[in-house]
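Asker: If you scroll down you'll find the structure; I have some questions about it.
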Amino acid sequence: MDTKYINLKFISGNKTLEVGKGKPFRLLNIEGIESGEYEIYTIDNVMGDGITVTNRRIKYRSIILEVEYTGNRQELERPKLANFFNLYNSGKLIINYQGTERLINYVVEGYKAKSKNLYEPFKFLVALICPNPYWQDVVETKEEIAIWRPAFEFPLELIEEGIEMGYREPSLIVNIYNEGDVACGMKIQFKALATVVNPSLFNINTREYFKINKTMSAGEIITVTTGFGDKKVYLDSNGVVTNAFNYIDLNSTFLQLEVGDNLFRYDADEGIDNLEVSIYYTPQYLGV
C-alpha cells in the first residue's frame with residue numbers, strides 16, 4: 001500500500017495529531033486498515049461428510065503503524081508524543097485514503113521509539129486495538145421521515161386564500177439505504193409538536209417495530225439508540241433528560257439497518273400529525 005496517499009488524524013480528548021502529506025509526521029508503513037480477521041465456528045458432521053458452520057464473526061481490529069518525524073528536531077517534544085499514545089488513552093482515528101474518509105475508535109496497545117541516537121531521523125511505532133472492527137463514515141447521516149416543512153418566506157405576497165406557513169410531508173414511509181458492508185444500528189428521534197400517544201416505527205421488510213407506550217406532550221423528544229452495546233432510550237422534556245427505558249413496548253425490537261434498502265413507516269395511536277420522526281445512522285465498512 002502506497003502510504004503517500006494516506007493521511008491520518010488522531011483525536012484523543014482535546015488533543016490531535018496529524019500524520020501524512022505536508023505534515024511534520026510522515027507515515028512510513030501501516031497495517032490493519034483493510035478487512036479484519038475472521039473467525040468461523042464449526043462442528044463435525046458425525047454421520048456425514050464435511051462440517052456445519054455454526055457461527056461467524058469478525059474479531060477486533062489491530063492497527064500497527066510506523067511514523068517518521070521530518071520537522072525541526074529541536075521542536076520535537078518526545079514526552080508529549082509518548083503521553084499522547086499513553087496505554088490508558090483512547091480516541092478516534094480518521095483516515096483519508098485517496099479521497100475516501102473513514103473513522104474508527106481505538107485504544108492504545110503500545111508505543112515505541114525506534115531511533116537509537118540524536119543524529120538519525122526520529123521514528124516510532126504505534127499499535128492500536130479497535131474493539132469495534134468496522135470503519136464508519138465520519139459524518140452521521142440524517143433522514144427525516146415525518147416533518148413539517150416551512151413555507152413562509154420573503155418577499156411576501158398576500159392572497160385572498162391566506163398564507164401557507166408550512167406543510168406536512170405527505171408520505172408515511174421512507175426508504176433508508178445502508179451502503180455499508182454490514183448491518184448497523186441507528187438513532188431514532190420522536191418529537192412531539194403537540195400531544196402524541198404511543199409513537200412507533202415499523203420495519204416493513206422484517207415486520208418488526210419499536211414502540212413507546214407514552215403520551216408525549218408538546219416539545220418532548222424521545223431518542224432511541226439501537227447500536228450494538230449502545231441500546232438506550234431517553235426522554236428530553238424541557239431540557240431535562242431522563243431514562244425512558246420503562247416506556248418500551250414489550251414486543252419492541254431494537255431495529256437495525258440491513259445492507260441495502262430498508263423501508264420504515266412511522267405511526268402513533270393518536271396525534272400522528274403532531275409527530276416528527278428523524279433517523280440518524282452511520283454505515284459500517286470492513287476496510288478502507
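How things are named: the first chain in the C-alpha cells is A, the next is B, and so on; residues count from 1 in each chain; ligands count from 1 in the order shown.
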As a ChimeraX atom specification, please: the residues near Gly185 (chain A) (cut-off 10 Å, only C-alpha atoms, same-chain neighbours under 3 positions excluded).

Answerer: /A:188,225-231,254-258,280-284

Asker: Apply DSSP to the backbone of this structure and, from region 11-176 of chain A, keep only the residues in helix (DSSP H, G or I); write these as a list in words.

Answerer: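 For region 11-176 of chain A, the helix (DSSP H, G or I) set is Arg73, Gln74, Glu75, Arg78, Pro79, Lys80, Leu81, Ala82, Asn83 and Phe84 of chain A.
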
Asker: If you measure from CA of Ala113 (chain A) to CA of Glu75 (chain A), what distance in Å do you get, rounded to one decimal?

Answerer: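 According to the coordinates, CA of Ala113 (chain A) and CA of Glu75 (chain A) are separated by 16.5 Å.
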
Asker: Which of these residues is nearest to Lys15 (chain A), using only C-alpha atoms: A:Asn132, A:Asn89, A:Asn55, A:Thr3?

Answerer: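 Closest to Lys15 (chain A) of all the choices is A:Asn89.
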
Asker: Quick one: DSSP strand (DSSP E) residues in region 59-239 of chain A, as a VMD selection string?

Answerer: chain A and resid 61 to 69 90 to 97 100 to 113 122 to 130 135 to 136 141 to 146 148 to 150 166 to 168 173 to 178 186 to 192 196 to 203 209 to 211 215 to 216 221 to 227 230 to 237

Asker: Just the selected residues (C-alpha atoms), exported as a short mmCIF file (atom, residue, chain, number, x, y, z; two decimals), in the first residue's frame, please.

Answerer:
```cif
data_model
loop_
_atom_site.label_atom_id
_atom_site.label_comp_id
_atom_site.auth_asym_id
_atom_site.auth_seq_id
_atom_site.Cartn_x
_atom_site.Cartn_y
_atom_site.Cartn_z
CA ARG A 61 -9.08 -4.87 14.62
CA SER A 62 -5.37 -4.35 15.24
CA ILE A 63 -3.67 -1.41 13.51
CA ILE A 64 0.11 -1.01 13.53
CA LEU A 65 1.86 1.98 12.03
CA GLU A 66 5.37 3.35 11.71
CA VAL A 67 5.92 7.11 11.61
CA GLU A 68 8.93 9.33 10.99
CA TYR A 69 9.32 12.89 12.25
CA SER A 90 -8.25 6.08 23.73
CA GLY A 91 -9.52 8.12 20.84
CA LYS A 92 -10.68 8.29 17.24
CA LEU A 93 -8.63 7.72 14.13
CA ILE A 94 -9.73 9.39 10.90
CA ILE A 95 -8.12 8.08 7.73
CA ASN A 96 -8.19 9.69 4.30
CA TYR A 97 -7.07 7.27 1.61
CA THR A 100 -12.14 8.14 0.92
CA GLU A 101 -12.54 9.23 4.54
CA ARG A 102 -13.40 6.82 7.37
CA LEU A 103 -13.35 6.84 11.17
CA ILE A 104 -12.67 4.18 13.81
CA ASN A 105 -12.42 4.20 17.62
CA TYR A 106 -9.25 2.87 19.21
CA VAL A 107 -7.39 2.18 22.43
CA VAL A 108 -3.59 2.33 22.57
CA GLU A 109 -1.89 -1.05 22.83
CA GLY A 110 1.72 0.09 22.52
CA TYR A 111 4.13 2.91 21.65
CA LYS A 112 7.85 2.54 21.00
CA ALA A 113 10.51 4.98 19.79
CA PHE A 122 13.21 10.08 14.87
CA LYS A 123 10.86 7.16 14.18
CA PHE A 124 8.27 5.44 16.32
CA LEU A 125 5.83 2.53 16.23
CA VAL A 126 2.22 2.69 17.43
CA ALA A 127 -0.06 -0.31 17.98
CA LEU A 128 -3.81 0.26 18.30
CA ILE A 129 -6.71 -2.04 19.14
CA CYS A 130 -10.16 -1.25 17.79
CA TRP A 135 -14.74 1.69 9.88
CA GLN A 136 -17.53 4.27 9.82
CA THR A 141 -26.37 10.62 8.09
CA LYS A 142 -29.80 12.04 8.95
CA GLU A 143 -33.12 11.00 7.38
CA GLU A 144 -36.30 12.89 8.26
CA ILE A 145 -39.35 10.68 7.90
CA ALA A 146 -42.11 12.87 9.30
CA TRP A 148 -43.24 19.93 8.88
CA ARG A 149 -41.56 21.97 6.14
CA PRO A 150 -41.59 25.79 6.49
CA GLY A 166 -45.79 25.29 6.42
CA TYR A 167 -46.82 21.92 5.05
CA ARG A 168 -46.68 18.31 6.17
CA ILE A 173 -42.96 5.61 4.54
CA VAL A 174 -39.28 6.23 3.86
CA ASN A 175 -36.57 4.07 2.32
CA ILE A 176 -33.20 4.26 4.06
CA TYR A 177 -30.31 2.83 2.07
CA ASN A 178 -27.43 1.39 4.06
CA MET A 186 -29.32 3.79 14.36
CA LYS A 187 -30.67 6.63 16.44
CA ILE A 188 -34.45 7.19 16.24
CA GLN A 189 -35.85 10.50 17.42
CA PHE A 190 -39.56 11.05 18.11
CA LYS A 191 -40.51 14.72 18.58
CA ALA A 192 -44.00 15.86 19.65
CA VAL A 196 -48.85 12.34 20.62
CA VAL A 197 -49.94 8.97 22.03
CA ASN A 198 -47.63 5.94 21.73
CA PRO A 199 -45.34 6.76 18.78
CA SER A 200 -43.75 3.87 16.87
CA LEU A 201 -41.52 2.94 13.94
CA PHE A 202 -42.29 -0.16 11.83
CA ASN A 203 -39.84 -2.03 9.58
CA TYR A 209 -41.28 -2.48 15.22
CA PHE A 210 -40.18 -0.24 18.06
CA LYS A 211 -42.94 1.41 20.08
CA THR A 215 -48.41 10.15 25.85
CA MET A 216 -45.94 12.81 24.72
CA ILE A 221 -38.31 14.38 22.44
CA ILE A 222 -37.69 10.66 22.89
CA THR A 223 -34.41 9.32 21.48
CA VAL A 224 -33.72 5.62 20.92
CA THR A 225 -30.27 4.20 20.08
CA THR A 226 -30.08 0.65 18.72
CA GLY A 227 -26.37 0.06 18.09
CA ASP A 230 -25.40 1.12 22.87
CA LYS A 231 -29.09 0.39 23.36
CA LYS A 232 -30.64 3.36 25.16
CA VAL A 233 -33.94 5.24 25.42
CA TYR A 234 -34.12 8.68 26.98
CA LEU A 235 -36.66 11.48 27.24
CA ASP A 236 -35.90 15.18 26.85
CA SER A 237 -38.67 17.20 28.50
#
```

Asker: Any idea what the distance is between CA of Ile279 (chain A) and CA of Thr206 (chain A)?

Answerer: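 Separation between CA of Ile279 (chain A) and CA of Thr206 (chain A): 17.4 Å.
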
Asker: Just checking: using only C-alpha atoms, which residue out of A:Pro133, A:Cys184, A:Asn262, A:Gln98 ends up closest to Glu34 (chain A)?

Answerer: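 Comparing A:Pro133, A:Cys184, A:Asn262, A:Gln98 against Glu34 (chain A), the winner is A:Pro133.
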
Asker: Just to confirm, what's the straight-line distance from CA of Ile58 (chain A) to CA of Glu37 (chain A) in Å (one decimal)?

Answerer: 5.8 Å

Asker: Find the residues near Tyr285 (chain A): any atom within 6 Å, counting only C-alpha atoms, skip ones fewer than 6 places away on the same chain, and give them as a compact mmCIF listing (two decimals) with C-alpha atoms, in the first residue's frame.

Answerer:
```txt
# COMPACT_ATOMS: atom_id res chain seq x y z
CA TYR A 134 -15.69 -1.60 11.49
CA TRP A 135 -14.74 1.69 9.88
CA GLY A 180 -22.15 -0.17 4.31
CA ASP A 181 -20.84 -3.75 4.32
```

Asker: With distances taken over only C-alpha atoms, which residue among A:Thr54, A:Ile33, A:Leu193, A:Phe84 lies nearest Gly13 (chain A)?

Answerer: A:Phe84
